[in-house]
Amino acid sequence: MTTAAHLSKLNAAQRKGVTYGESLANDAGDKGFRAGPLLIVAGAGTGKTTTLAHRVAHLALHDVDPGRILMLTFTRRAAQEMRRRVQEIVKEALDDKLGGRAQAVLQRLGWAGTFHSIGNRLLRHYAKHLSLEPNFSVVDRGDSADLMDSVRQELGFASKEQRFPRKDTCLAIYSYRINTQKSLKEVLEQQYPWCAQWEEDLTKLYRAYVERKQQLNLLDYDDLLLYWHMMMSEPRLAKHVGAHFDHVLIDEYQDTNKLQGEIVLALKPDGAGVTVVGDDAQSIYSFRAAAVENILGFPDQFEPKAEVVTLAQNFRSTQGVLDAANALMSEAPRQHRKHLLSMRGQGVKPRLVSVDDLPSQVEYVCNKILQAREAGVPLRRQVVLFRSGSHSDMLEVELAKRRIPFQKYGGLKFLEAAHIKDLLGILRWAENPRNALAAFRTLQLLPGMGPVNAKLVIEHLNSKANAWAALVPYEPPGDAKLAWRKFAELYQALGDPQRPWAGQVRLARDWYKPHMERIFEHVHTRIGDIDQLELLAGQYTSRERFLSELTLDPPQSTSDLAGKPLMDEDYLVLSTIHSAKGMEWDNVYILNVVDGSFPNEFSTGRADLIEEERRLLYVGMTRAKNDLSLIAPLRFQITSQPRTSDAHVYGGRSRFLTEKVLKAFDESAFQGSHLSEIALEAAEPLAVDVKSRLKQMW
């Protein structure tokens with residue numbers, strides 16, 4: 001099989017994107033592959049991941065060193081999937097039956113990960129150039145908020161007579177300011193107008209927060225991008241970093257923020273070897289500071305302009321669904337235009353169903369879900385999507401009444417569980433003795449060790465240059481004395497730089513177990529999480545990599561405080577559209593497709609936000625493979641009124657459902673059973689002379 005065999009399964013547009021550029025192989029012995037900047041506009045369901053994986057494999061097959069390929073994704077899982085696919089493609093292309101050559105490519109393809117994880121690795125390598133200590137700790141959002149709150153309290157902002165923003169709001173403002181690179185004044189005016197009066201105090205808070213992180217040798221999520229961005233602003237450092245990589249490939253480019261876009265440009269100012277893949281029509285995360293301008297303006301950043309390849313053959317949805325989606329996006333003012341064509345045939349037209357009110361909407365959806373199930377579509381292949389999490393409240397009640405099992409995306413995340421935070425805190429303090437957040441948490445696991453005594457221990461350790469041996473002679477308060485010797489021994493062992501990483505989690509969990517049993521009830525439900533954490537640790541080469549990667553891309557579930565298990569053969573999926581991006585179902589039902597939801601009422605003041613709402617509806621519609629229903633209630637009950645009241649408002653048709661878009665839908669109406677008229681029995685034949693009686697009144 002020739003190396004061109006890996007292209008045989010691709011369509012013409014995919015092949016063009018994969019092979020763009022030229023091989024450098026010649027008689028003089030040159031190797032590699034040269035390409036200018038490339039934008040692959042990949043419409044929904046058009047094989048984006050397949051195309052990107054094939055391009056990486058194509059580079060490796062043309063003698064590009066996989067160790068000099070940088071792949072940036074938005075989840076660790078996506079990076080792992082990309083590496084797995086590249087290995088399979090190379091194995092097939094080389095007819096590598098034993099897989100040895102493909103495995104060698106995989107092992108060299110080490111620079112694949114999220115922006116934050118790659119930033120973390122680069123910052124540790126270049127730490128001395130940035131006034132950083134390479135053993136800095138990366139703190140998650142929860143710890144960042146706690147640190148922000150500590151500084152907020154110390155500055156006296158929590159005791160102001162007027163309401164000062166809470167810690168999570170303060171952190172959100174800070175994060176948005178960093179990632180958009182807008183001024184604090186702009187951020188407050190545009191995103192947090194109710195906090196605008198606190199601009200001066202927030203400036204003081206953020207300055208103190210930054211200083212505190214520097215004192216403790218901590219970096220938060222935003223710092224990983226910010227420090228990397230600042231490093232790339234120094235031309236010599238930027239050139240040095242960029243020289244490590246011959247090719248840079250970025251997935252989901254429509255979701256990058258301003259910092260990430262400028263980092264990519266600084267890596268390769270001329271665009272040499274840069275390939276970005278994404279779909280501007282699926283840019284829906286501006287609330288996380290994503291900048292759609294990154295992908296819209298990408299071609300014009302270079303001279304000559306970047307090559308643009310558009311993928312429009314859709315492998316997911318029927319043409320009926322795509323016709324509606326195409327019509328919706330055709331009216332967007334600025335975009336990389338494309339017309340999606342189905343590879344699966346015409347299918348049925350999507351439906352736009354007008355219902356009287358919210359109870360009627362719920363009844364319609366439940367009826368259709370059960371009808372589809374009887375027709376052979378399992379519940380798990382059906383989804384109900386909505387703009388905001390609260391929009392499914394009434395539906396959840398009705399599903400429970402009808403005994404239709406469902407799963408709503410969301411829930412307690414692994415790193416939010418108290419016992420996991422405890423064990424990670426033990427390891428984080430060992431990794432960075434100046435990490436006071438981890439120190440406070442760990443010390444207070446000891447009996448009788450409150451915040452005051454914990455602070456004394458930290459001050460003692462600081463005075464001894466943070467040498468773990470200084471814990472041995474320290475005299476703790478009475479209740480902690482019995483446990484102190486084992487505690488000091490633990491940190492002397494964990495703090496030994498010669499001690500191998502293997503076995504350290506076991507050492508920490510053995511010390512922690514009796515304290516966990518003392519602190520928590522139902523410990524057996526938590527031991528499974530500790531076991532899982534130990535298994536995860538074995539996948540990493542060092543303590544630093546384990547702690548950093550787990551913080552940047554944590555597992556999503558835990559047994560801590562878990563609800564009752566879903567013991568059923570099948571279940572319906574409920575999800576916000578934001579959470580459903582990248583997924584697909586046979587049947588899709590979208591609730592509340594009226595103005596106020598699509599577009600959301602909070603987005604109607606700005607044209608750019610209205611266009612993002614259009615893209616959000618597009619993302620919801622293109623999740624459907626076979627059957628799509630948009631439901632539009634006509635009446636909405638006014639909240640906070642007596643039960644006997646019937647005050648309501650009428651919902652206006654979504655401004656996105658223009659006459660052009662409506663032609664792609666079958667329109668119908670549904671009246672709920674609670675509104676059906678009561679049939680009257682036929683009365684005996686009688687005649688009432690109403691006309692004469694009316695005249696007699698005058």
# chains A, B, ... in the order shown; residues from 1 in each chain; ligands from 1
$ residues_around --residues "Gly605 of chain A" --least-positions-apart "6" --cutoff "12 Å" --atoms "only C-alpha atoms" --output "list in words"
Gln190, Gln191, Gly596, Pro599 and Glu611 of chain A
$ write_last_selection --atoms "N, CA and C atoms" --output "PDB file, in the first residue's frame"
ATOM      1  N   GLN A 190     -19.683  46.726  29.668  1.00  0.00           N
ATOM      2  CA  GLN A 190     -20.309  45.840  28.687  1.00  0.00           C
ATOM      3  C   GLN A 190     -20.883  44.567  29.289  1.00  0.00           C
ATOM      4  N   GLN A 191     -20.203  44.003  30.298  1.00  0.00           N
ATOM      5  CA  GLN A 191     -20.598  42.695  30.818  1.00  0.00           C
ATOM      6  C   GLN A 191     -21.151  42.730  32.240  1.00  0.00           C
ATOM      7  N   GLY A 596     -36.684  36.323  22.989  1.00  0.00           N
ATOM      8  CA  GLY A 596     -36.540  36.275  24.440  1.00  0.00           C
ATOM      9  C   GLY A 596     -35.744  35.055  24.848  1.00  0.00           C
ATOM     10  N   PRO A 599     -33.387  35.249  19.922  1.00  0.00           N
ATOM     11  CA  PRO A 599     -32.250  35.493  20.796  1.00  0.00           C
ATOM     12  C   PRO A 599     -32.683  35.701  22.251  1.00  0.00           C
ATOM     13  N   GLU A 611     -26.088  37.991  16.802  1.00  0.00           N
ATOM     14  CA  GLU A 611     -25.549  37.049  15.817  1.00  0.00           C
ATOM     15  C   GLU A 611     -25.021  35.783  16.489  1.00  0.00           C
TER      16      GLU A 611
END
$ select_by_dssp --residues "segment 12-185 of chain A" --states "alpha helix (DSSP H)" --output "ChimeraX atom specification"
/A:12-19,48-61,76-93,100-108,115-125,141-154,167-180,184-185
$ residues_around --residues "Ile610 of chain A" --least-positions-apart "2" --cutoff "12 Å" --atoms "only C-alpha atoms" --output "PyMOL selection string"
chain A and resi 284+286+332-333+595-608+612-617+654-656
$ write_last_selection --atoms "C-alpha atoms" --output "CSV table (one decimal), in the first residue's frame"
chain,number,residue,atom,x,y,z
A,284,ILE,CA,-21.1,30.4,20.8
A,286,SER,CA,-18.3,34.8,23.9
A,332,ALA,CA,-25.9,36.2,9.0
A,333,PRO,CA,-24.1,39.4,7.9
A,595,ASP,CA,-37.9,36.0,20.9
A,596,GLY,CA,-36.5,36.3,24.4
A,597,SER,CA,-35.0,32.8,24.2
A,598,PHE,CA,-33.6,32.9,20.6
A,599,PRO,CA,-32.3,35.5,20.8
A,600,ASN,CA,-32.0,35.6,24.6
A,601,GLU,CA,-33.5,38.8,26.0
A,602,PHE,CA,-30.1,39.8,27.6
A,603,SER,CA,-28.4,39.7,24.1
A,604,THR,CA,-30.8,42.0,22.2
A,605,GLY,CA,-28.9,45.2,23.0
A,606,ARG,CA,-25.9,44.4,20.8
A,607,ALA,CA,-25.7,43.2,17.2
A,608,ASP,CA,-22.7,40.9,17.8
A,612,GLU,CA,-24.1,34.7,18.4
A,613,GLU,CA,-27.6,33.7,19.4
A,614,ARG,CA,-28.3,32.9,15.7
A,615,ARG,CA,-25.2,30.7,15.8
A,616,LEU,CA,-26.4,29.0,19.0
A,617,LEU,CA,-29.7,28.1,17.4
A,654,SER,CA,-38.1,34.4,16.9
A,655,ARG,CA,-36.6,37.1,14.6
A,656,PHE,CA,-34.5,34.3,13.2
$ closest_residue --among "A:Val377, A:Asp168, A:Val264, A:Phe670" --to "Val362 of chain A" --atoms "only C-alpha atoms"
A:Phe670
$ residues_around --residues "segment 337-354 of chain A" --least-positions-apart "4" --cutoff "9 Å" --atoms "only C-alpha atoms" --output "MDAnalysis selection string"
chainID A and resid 41 43:44 46 310:326 329:330 361 593 626:634 662 664:671
$ residues_around --residues "Trp484 of chain A" --least-positions-apart "2" --cutoff "9 Å" --atoms "only C-alpha atoms" --output "list in words"
Leu446, Leu471, Val472, Tyr474, Glu475, Pro476, Ala480, Lys481, Leu482, Lys486, Phe487, Ala488 and Glu489 of chain A
$ atom_distance --atom1 "atom CA of Met232 of chain A" --atom2 "atom CA of Gly261 of chain A"
11.8 Å
$ select_by_dssp --residues "segment 51-85 of chain A" --states "strand (DSSP E or B)" --output "MDAnalysis selection string"
chainID A and resid 69:73
$ closest_residue --among "A:Gln492, A:Gln532, A:Ser548, A:Asn466" --to "Leu218 of chain A" --atoms "only C-alpha atoms"
A:Ser548
$ residues_around --residues "Arg403 of chain A" --least-positions-apart "2" --cutoff "12 Å" --atoms "only C-alpha atoms" --output "list in words"
Cys366, Leu370, Glu396, Val397, Glu398, Leu399, Ala400, Lys401, Pro405, Phe406, Asp568, Asp570, Tyr571 and Leu572 of chain A
$ residues_around --residues "Ala508 of chain A" --least-positions-apart "3" --cutoff "8 Å" --atoms "only C-alpha atoms" --output "PyMOL selection string"
chain A and resi 423+426-427+490+504-505+511-512
$ closest_residue --among "A:Ile250, A:Val274, A:Tyr209, A:Ser542" --to "Phe115 of chain A" --atoms "only C-alpha atoms"
A:Ile250
$ atom_distance --atom1 "atom CA of Thr576 of chain A" --atom2 "atom CA of Asn294 of chain A"
24.9 Å
